[in-house]
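Data block below; observations after.
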Amino acid sequence: MRIPLDECLPRKLKALLRECECSTAPERGWAGKKNGELLRLAAGQFDVFLTSDRNLSFQQNLPGFSVAVIVLHARANRLESLAPLMPAVLEVLSGIEAGKVVHVE
């Protein structure tokens with residue numbers, strides 16, 4: 001599974017997704033890109049876009065993109081707040097489809 005992490009997420013989150021091929025938006029040269037552009041860049045290159053931006057599903061027509069989206073809901077965007085969500089993320093990854101959005105709380 002190929003996953004880019006939105007720049008709002010800590011890069012150390014990649015270590016908790018060892019089964020996946022992860023990169024961060026800044027590593028890809030995507031720092032500062034808007035959500036629509038990020039999704040267009042990720043489409044075709046990645047399977048799932050991982051973010052904590054809860055507004056993404058309201059701002060974008062996600063079924064129009066060939067990439068799935070997982071939105072993380074945590075108290076903060078720090079590793080210690082997001083780490084407990086990773087087992088649920090790994091479970092969701094096994095069945096998520098392109099154009100779908102799943103919220104993990």
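Each chain in the structure tokens gets a letter, A, B and so on, in the order shown; residues start at 1 in every chain, and ligands are counted from 1 in the order they appear.
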When you look at Ser66 (chain A) with a cut-off of 8 Å (counting only C-alpha atoms), what residues show up, excluding the ones that are within fewer than 2 positions of it in the same chain? I need them as a list of chain:residue names. A:Ala43, A:Gly44, A:Asp47, A:Pro63, A:Gly64, A:Ala68, A:Ala98, A:Gly99
Written selection (C-alpha atoms) as a PDB file, in the first residue's frame:
```pdb
ATOM      1  CA  ALA A  43      -4.003   9.983  -7.687  1.00  0.00           C
ATOM      2  CA  GLY A  44      -2.381   7.316  -9.809  1.00  0.00           C
ATOM      3  CA  ASP A  47      -3.448   4.117  -2.959  1.00  0.00           C
ATOM      4  CA  PRO A  63     -15.197  10.130  -5.620  1.00  0.00           C
ATOM      5  CA  GLY A  64     -13.636  12.048  -8.510  1.00  0.00           C
ATOM      6  CA  ALA A  68      -8.796   6.763  -1.125  1.00  0.00           C
ATOM      7  CA  ALA A  98     -10.310   4.526  -4.393  1.00  0.00           C
ATOM      8  CA  GLY A  99     -12.571   7.562  -4.120  1.00  0.00           C
TER       9      GLY A  99
END
```
I'd like the neighbourhood of region 51-56 of chain A as a short mmCIF file (atom, residue, chain, number, x, y, z; two decimals) with N, CA, C and O atoms, in the first residue's frame, where a residue qualifies if any of its atoms comes within 9 Å (using only C-alpha atoms), though same-chain residues fewer than 6 positions away should be ignored.
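Below you can see result-v7.cif, which holds the result:
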```cif
data_model
loop_
_atom_site.label_atom_id
_atom_site.label_comp_id
_atom_site.auth_asym_id
_atom_site.auth_seq_id
_atom_site.Cartn_x
_atom_site.Cartn_y
_atom_site.Cartn_z
N PRO A 4 0.89 8.68 0.91
CA PRO A 4 1.54 9.94 1.27
C PRO A 4 0.87 10.50 2.52
O PRO A 4 -0.35 10.41 2.68
N LEU A 5 1.66 11.04 3.41
CA LEU A 5 1.14 11.68 4.62
C LEU A 5 1.02 13.17 4.36
O LEU A 5 1.96 13.80 3.87
N ASP A 6 -0.12 13.72 4.69
CA ASP A 6 -0.33 15.16 4.56
C ASP A 6 0.71 15.88 5.42
O ASP A 6 1.19 15.35 6.42
N GLU A 7 1.07 17.09 5.04
CA GLU A 7 2.12 17.79 5.78
C GLU A 7 1.71 18.19 7.19
O GLU A 7 2.54 18.54 8.00
N CYS A 8 0.42 18.09 7.50
CA CYS A 8 -0.05 18.38 8.86
C CYS A 8 0.23 17.22 9.82
O CYS A 8 0.05 17.36 11.03
N LEU A 9 0.68 16.09 9.30
CA LEU A 9 0.98 14.92 10.13
C LEU A 9 2.47 14.82 10.40
O LEU A 9 3.29 15.18 9.54
N ASN A 35 -5.34 21.16 -0.88
CA ASN A 35 -5.89 19.80 -0.86
C ASN A 35 -6.22 19.24 -2.23
O ASN A 35 -5.89 18.10 -2.53
N GLY A 36 -6.88 20.01 -3.08
CA GLY A 36 -7.24 19.53 -4.40
C GLY A 36 -6.03 19.14 -5.21
O GLY A 36 -5.99 18.10 -5.88
N LEU A 62 -14.36 13.82 -3.50
CA LEU A 62 -13.46 12.68 -3.36
C LEU A 62 -13.73 11.52 -4.31
O LEU A 62 -12.79 10.88 -4.77
N VAL A 69 -9.03 8.15 0.85
CA VAL A 69 -8.58 9.10 1.87
C VAL A 69 -8.96 8.56 3.25
O VAL A 69 -10.08 8.10 3.45
N ILE A 70 -8.00 8.61 4.16
CA ILE A 70 -8.26 8.30 5.56
C ILE A 70 -8.03 9.58 6.34
O ILE A 70 -6.96 10.19 6.26
N VAL A 71 -9.05 9.99 7.09
CA VAL A 71 -8.99 11.20 7.91
C VAL A 71 -8.86 10.77 9.37
O VAL A 71 -9.71 10.05 9.89
N LEU A 72 -7.79 11.20 10.01
CA LEU A 72 -7.53 10.87 11.40
C LEU A 72 -8.17 11.92 12.32
O LEU A 72 -8.03 13.12 12.08
N HIS A 73 -8.86 11.45 13.35
CA HIS A 73 -9.47 12.33 14.35
C HIS A 73 -8.77 12.09 15.68
O HIS A 73 -8.98 11.04 16.30
N ALA A 74 -7.94 13.02 16.07
CA ALA A 74 -7.22 12.92 17.34
C ALA A 74 -7.26 14.28 18.02
O ALA A 74 -7.56 15.29 17.38
N ASN A 77 -2.25 16.82 16.53
CA ASN A 77 -1.51 16.21 15.42
C ASN A 77 -0.11 15.79 15.84
O ASN A 77 0.80 15.79 15.02
N HIS A 103 -13.16 7.91 8.10
CA HIS A 103 -12.74 8.67 9.26
C HIS A 103 -12.38 7.68 10.37
O HIS A 103 -13.16 6.79 10.68
#
```
Among region 16-105 of chain A, which ones does DSSP place in helix (DSSP H, G or I), written as a ChimeraX atom specification? /A:16-17,35-42,56-59,62-64,79-93
Could the residues in this selection be written to a file with N, CA, C and O atoms, as a short mmCIF file (atom, residue, chain, number, x, y, z; two decimals), in the first residue's frame?
```
data_model
loop_
_atom_site.label_atom_id
_atom_site.label_comp_id
_atom_site.auth_asym_id
_atom_site.auth_seq_id
_atom_site.Cartn_x
_atom_site.Cartn_y
_atom_site.Cartn_z
N LEU A 16 5.11 3.85 12.11
CA LEU A 16 4.01 3.05 12.63
C LEU A 16 3.21 2.37 11.51
O LEU A 16 2.30 1.60 11.78
N LEU A 17 3.58 2.66 10.29
CA LEU A 17 2.93 2.06 9.12
C LEU A 17 3.97 1.28 8.32
O LEU A 17 4.08 1.41 7.11
N ASN A 35 -5.34 21.16 -0.88
CA ASN A 35 -5.89 19.80 -0.86
C ASN A 35 -6.22 19.24 -2.23
O ASN A 35 -5.89 18.10 -2.53
N GLY A 36 -6.88 20.01 -3.08
CA GLY A 36 -7.24 19.53 -4.40
C GLY A 36 -6.03 19.14 -5.21
O GLY A 36 -5.99 18.10 -5.88
N GLU A 37 -5.01 19.96 -5.15
CA GLU A 37 -3.78 19.68 -5.88
C GLU A 37 -3.07 18.46 -5.30
O GLU A 37 -2.55 17.62 -6.04
N LEU A 38 -3.06 18.34 -3.97
CA LEU A 38 -2.46 17.16 -3.33
C LEU A 38 -3.15 15.88 -3.79
O LEU A 38 -2.48 14.89 -4.09
N LEU A 39 -4.46 15.90 -3.83
CA LEU A 39 -5.19 14.71 -4.26
C LEU A 39 -4.93 14.39 -5.73
O LEU A 39 -4.79 13.22 -6.10
N ARG A 40 -4.83 15.41 -6.57
CA ARG A 40 -4.50 15.17 -7.98
C ARG A 40 -3.11 14.57 -8.12
O ARG A 40 -2.89 13.67 -8.93
N LEU A 41 -2.16 15.08 -7.34
CA LEU A 41 -0.80 14.54 -7.39
C LEU A 41 -0.74 13.10 -6.87
O LEU A 41 -0.01 12.27 -7.41
N ALA A 42 -1.51 12.82 -5.83
CA ALA A 42 -1.50 11.48 -5.23
C ALA A 42 -2.21 10.46 -6.11
O ALA A 42 -1.84 9.28 -6.14
N LEU A 56 -11.51 18.15 4.55
CA LEU A 56 -11.17 17.68 3.21
C LEU A 56 -12.37 17.08 2.48
O LEU A 56 -12.60 17.39 1.31
N SER A 57 -13.14 16.26 3.16
CA SER A 57 -14.26 15.60 2.49
C SER A 57 -15.38 16.57 2.13
O SER A 57 -16.20 16.29 1.26
N PHE A 58 -15.41 17.73 2.77
CA PHE A 58 -16.41 18.75 2.44
C PHE A 58 -15.92 19.68 1.34
O PHE A 58 -16.71 20.28 0.62
N GLN A 59 -14.60 19.80 1.21
CA GLN A 59 -14.01 20.74 0.26
C GLN A 59 -13.76 20.12 -1.11
O GLN A 59 -13.64 20.84 -2.09
N LEU A 62 -14.36 13.82 -3.50
CA LEU A 62 -13.46 12.68 -3.36
C LEU A 62 -13.73 11.52 -4.31
O LEU A 62 -12.79 10.88 -4.77
N PRO A 63 -14.99 11.21 -4.65
CA PRO A 63 -15.20 10.13 -5.62
C PRO A 63 -14.57 10.43 -6.99
O PRO A 63 -14.35 9.52 -7.78
N GLY A 64 -14.26 11.67 -7.24
CA GLY A 64 -13.64 12.05 -8.51
C GLY A 64 -12.14 11.77 -8.57
O GLY A 64 -11.52 11.93 -9.62
N LEU A 79 2.52 12.87 17.40
CA LEU A 79 2.67 11.43 17.29
C LEU A 79 1.99 10.68 18.43
O LEU A 79 1.28 9.70 18.20
N GLU A 80 2.13 11.19 19.65
CA GLU A 80 1.54 10.48 20.79
C GLU A 80 0.01 10.48 20.75
O GLU A 80 -0.64 9.59 21.29
N SER A 81 -0.59 11.45 20.08
CA SER A 81 -2.05 11.48 19.93
C SER A 81 -2.52 10.62 18.77
O SER A 81 -3.62 10.05 18.81
N LEU A 82 -1.71 10.54 17.73
CA LEU A 82 -2.10 9.81 16.52
C LEU A 82 -1.75 8.32 16.58
O LEU A 82 -2.43 7.50 15.96
N ALA A 83 -0.72 7.96 17.31
CA ALA A 83 -0.26 6.56 17.37
C ALA A 83 -1.36 5.58 17.76
O ALA A 83 -1.46 4.51 17.15
N PRO A 84 -2.21 5.88 18.73
CA PRO A 84 -3.27 4.92 19.08
C PRO A 84 -4.26 4.64 17.95
O PRO A 84 -4.97 3.63 17.99
N LEU A 85 -4.30 5.48 16.95
CA LEU A 85 -5.21 5.28 15.82
C LEU A 85 -4.65 4.34 14.75
O LEU A 85 -5.39 3.86 13.89
N MET A 86 -3.35 4.07 14.80
CA MET A 86 -2.71 3.31 13.73
C MET A 86 -3.22 1.87 13.58
O MET A 86 -3.36 1.40 12.45
N PRO A 87 -3.54 1.14 14.65
CA PRO A 87 -4.12 -0.20 14.44
C PRO A 87 -5.42 -0.14 13.64
O PRO A 87 -5.65 -0.95 12.75
N ALA A 88 -6.26 0.85 13.91
CA ALA A 88 -7.51 1.01 13.15
C ALA A 88 -7.22 1.41 11.70
O ALA A 88 -7.90 0.94 10.78
N VAL A 89 -6.21 2.23 11.50
CA VAL A 89 -5.82 2.61 10.13
C VAL A 89 -5.39 1.38 9.36
O VAL A 89 -5.82 1.16 8.21
N LEU A 90 -4.56 0.55 9.96
CA LEU A 90 -4.09 -0.67 9.28
C LEU A 90 -5.26 -1.59 8.94
O LEU A 90 -5.27 -2.21 7.87
N GLU A 91 -6.24 -1.64 9.79
CA GLU A 91 -7.42 -2.46 9.52
C GLU A 91 -8.22 -1.89 8.35
O GLU A 91 -8.67 -2.62 7.47
N VAL A 92 -8.39 -0.59 8.32
CA VAL A 92 -9.13 0.07 7.25
C VAL A 92 -8.43 -0.11 5.91
O VAL A 92 -9.08 -0.29 4.88
N LEU A 93 -7.12 -0.10 5.92
CA LEU A 93 -6.35 -0.21 4.68
C LEU A 93 -6.65 -1.49 3.91
O LEU A 93 -6.57 -1.51 2.68
#
```
Could you write out, as a ChimeraX atom specification, all the residues of chain A that DSSP marks as strand (DSSP E)? /A:2-5,21-24,48-51,68-72,101-104
Just write the chosen residues, N, CA and C atoms, as a CSV table (one decimal), in the first residue's frame.
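part.csv, freshly written:
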```csv
chain,number,residue,atom,x,y,z
A,2,ARG,N,0.7,2.1,-0.9
A,2,ARG,CA,1.5,3.4,-1.0
A,2,ARG,C,0.7,4.5,-0.5
A,3,ILE,N,1.3,5.2,0.5
A,3,ILE,CA,0.5,6.3,1.3
A,3,ILE,C,1.4,7.5,1.4
A,4,PRO,N,0.9,8.7,0.9
A,4,PRO,CA,1.5,9.9,1.3
A,4,PRO,C,0.9,10.5,2.5
A,5,LEU,N,1.7,11.0,3.4
A,5,LEU,CA,1.1,11.7,4.6
A,5,LEU,C,1.0,13.2,4.4
A,21,GLU,N,4.3,1.6,2.1
A,21,GLU,CA,5.3,2.5,1.5
A,21,GLU,C,4.8,3.9,1.7
A,22,CYS,N,5.4,4.6,2.7
A,22,CYS,CA,4.9,5.9,3.1
A,22,CYS,C,6.0,7.0,2.7
A,23,SER,N,5.5,8.1,2.4
A,23,SER,CA,6.3,9.3,2.2
A,23,SER,C,5.5,10.5,2.7
A,24,THR,N,6.2,11.6,3.0
A,24,THR,CA,5.5,12.8,3.5
A,24,THR,C,5.3,13.7,2.3
A,48,VAL,N,-3.7,5.5,-1.0
A,48,VAL,CA,-4.5,6.1,0.1
A,48,VAL,C,-3.7,7.4,0.5
A,49,PHE,N,-4.5,8.5,0.7
A,49,PHE,CA,-4.0,9.7,1.2
A,49,PHE,C,-4.3,9.8,2.7
A,50,LEU,N,-3.4,10.0,3.6
A,50,LEU,CA,-3.6,10.1,5.0
A,50,LEU,C,-3.5,11.5,5.5
A,51,THR,N,-4.5,12.0,6.2
A,51,THR,CA,-4.6,13.4,6.7
A,51,THR,C,-5.3,13.5,8.0
A,68,ALA,N,-8.0,6.8,-2.3
A,68,ALA,CA,-8.8,6.8,-1.1
A,68,ALA,C,-8.2,7.8,-0.1
A,69,VAL,N,-9.0,8.1,0.8
A,69,VAL,CA,-8.6,9.1,1.9
A,69,VAL,C,-9.0,8.6,3.2
A,70,ILE,N,-8.0,8.6,4.2
A,70,ILE,CA,-8.3,8.3,5.6
A,70,ILE,C,-8.0,9.6,6.3
A,71,VAL,N,-9.1,10.0,7.1
A,71,VAL,CA,-9.0,11.2,7.9
A,71,VAL,C,-8.9,10.8,9.4
A,72,LEU,N,-7.8,11.2,10.0
A,72,LEU,CA,-7.5,10.9,11.4
A,72,LEU,C,-8.2,11.9,12.3
A,101,VAL,N,-13.8,7.8,1.4
A,101,VAL,CA,-13.1,8.5,2.6
A,101,VAL,C,-13.6,7.7,3.8
A,102,VAL,N,-12.6,7.5,4.7
A,102,VAL,CA,-12.9,6.8,6.0
A,102,VAL,C,-12.4,7.7,7.1
A,103,HIS,N,-13.2,7.9,8.1
A,103,HIS,CA,-12.7,8.7,9.3
A,103,HIS,C,-12.4,7.7,10.4
A,104,VAL,N,-11.2,7.9,10.9
A,104,VAL,CA,-10.7,7.0,12.0
A,104,VAL,C,-10.6,7.8,13.3
```
Nearest-residue call for Arg78 (chain A), choices A:Cys20, A:Ala25, A:Met1, A:Pro10, using only C-alpha atoms: A:Pro10
Take CA of Val67 (chain A) and CA of Ser94 (chain A) and report the distance between them in Å, one decimal. 14.2 Å
Coordinates-based distance that separates CA of Glu105 (chain A) from CA of Phe46 (chain A) (Å, one decimal): 22.7 Å
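Computed from the coordinates, the CA of Ile96 (chain A) to CA of Ala31 (chain A) distance equals 25.6 Å.
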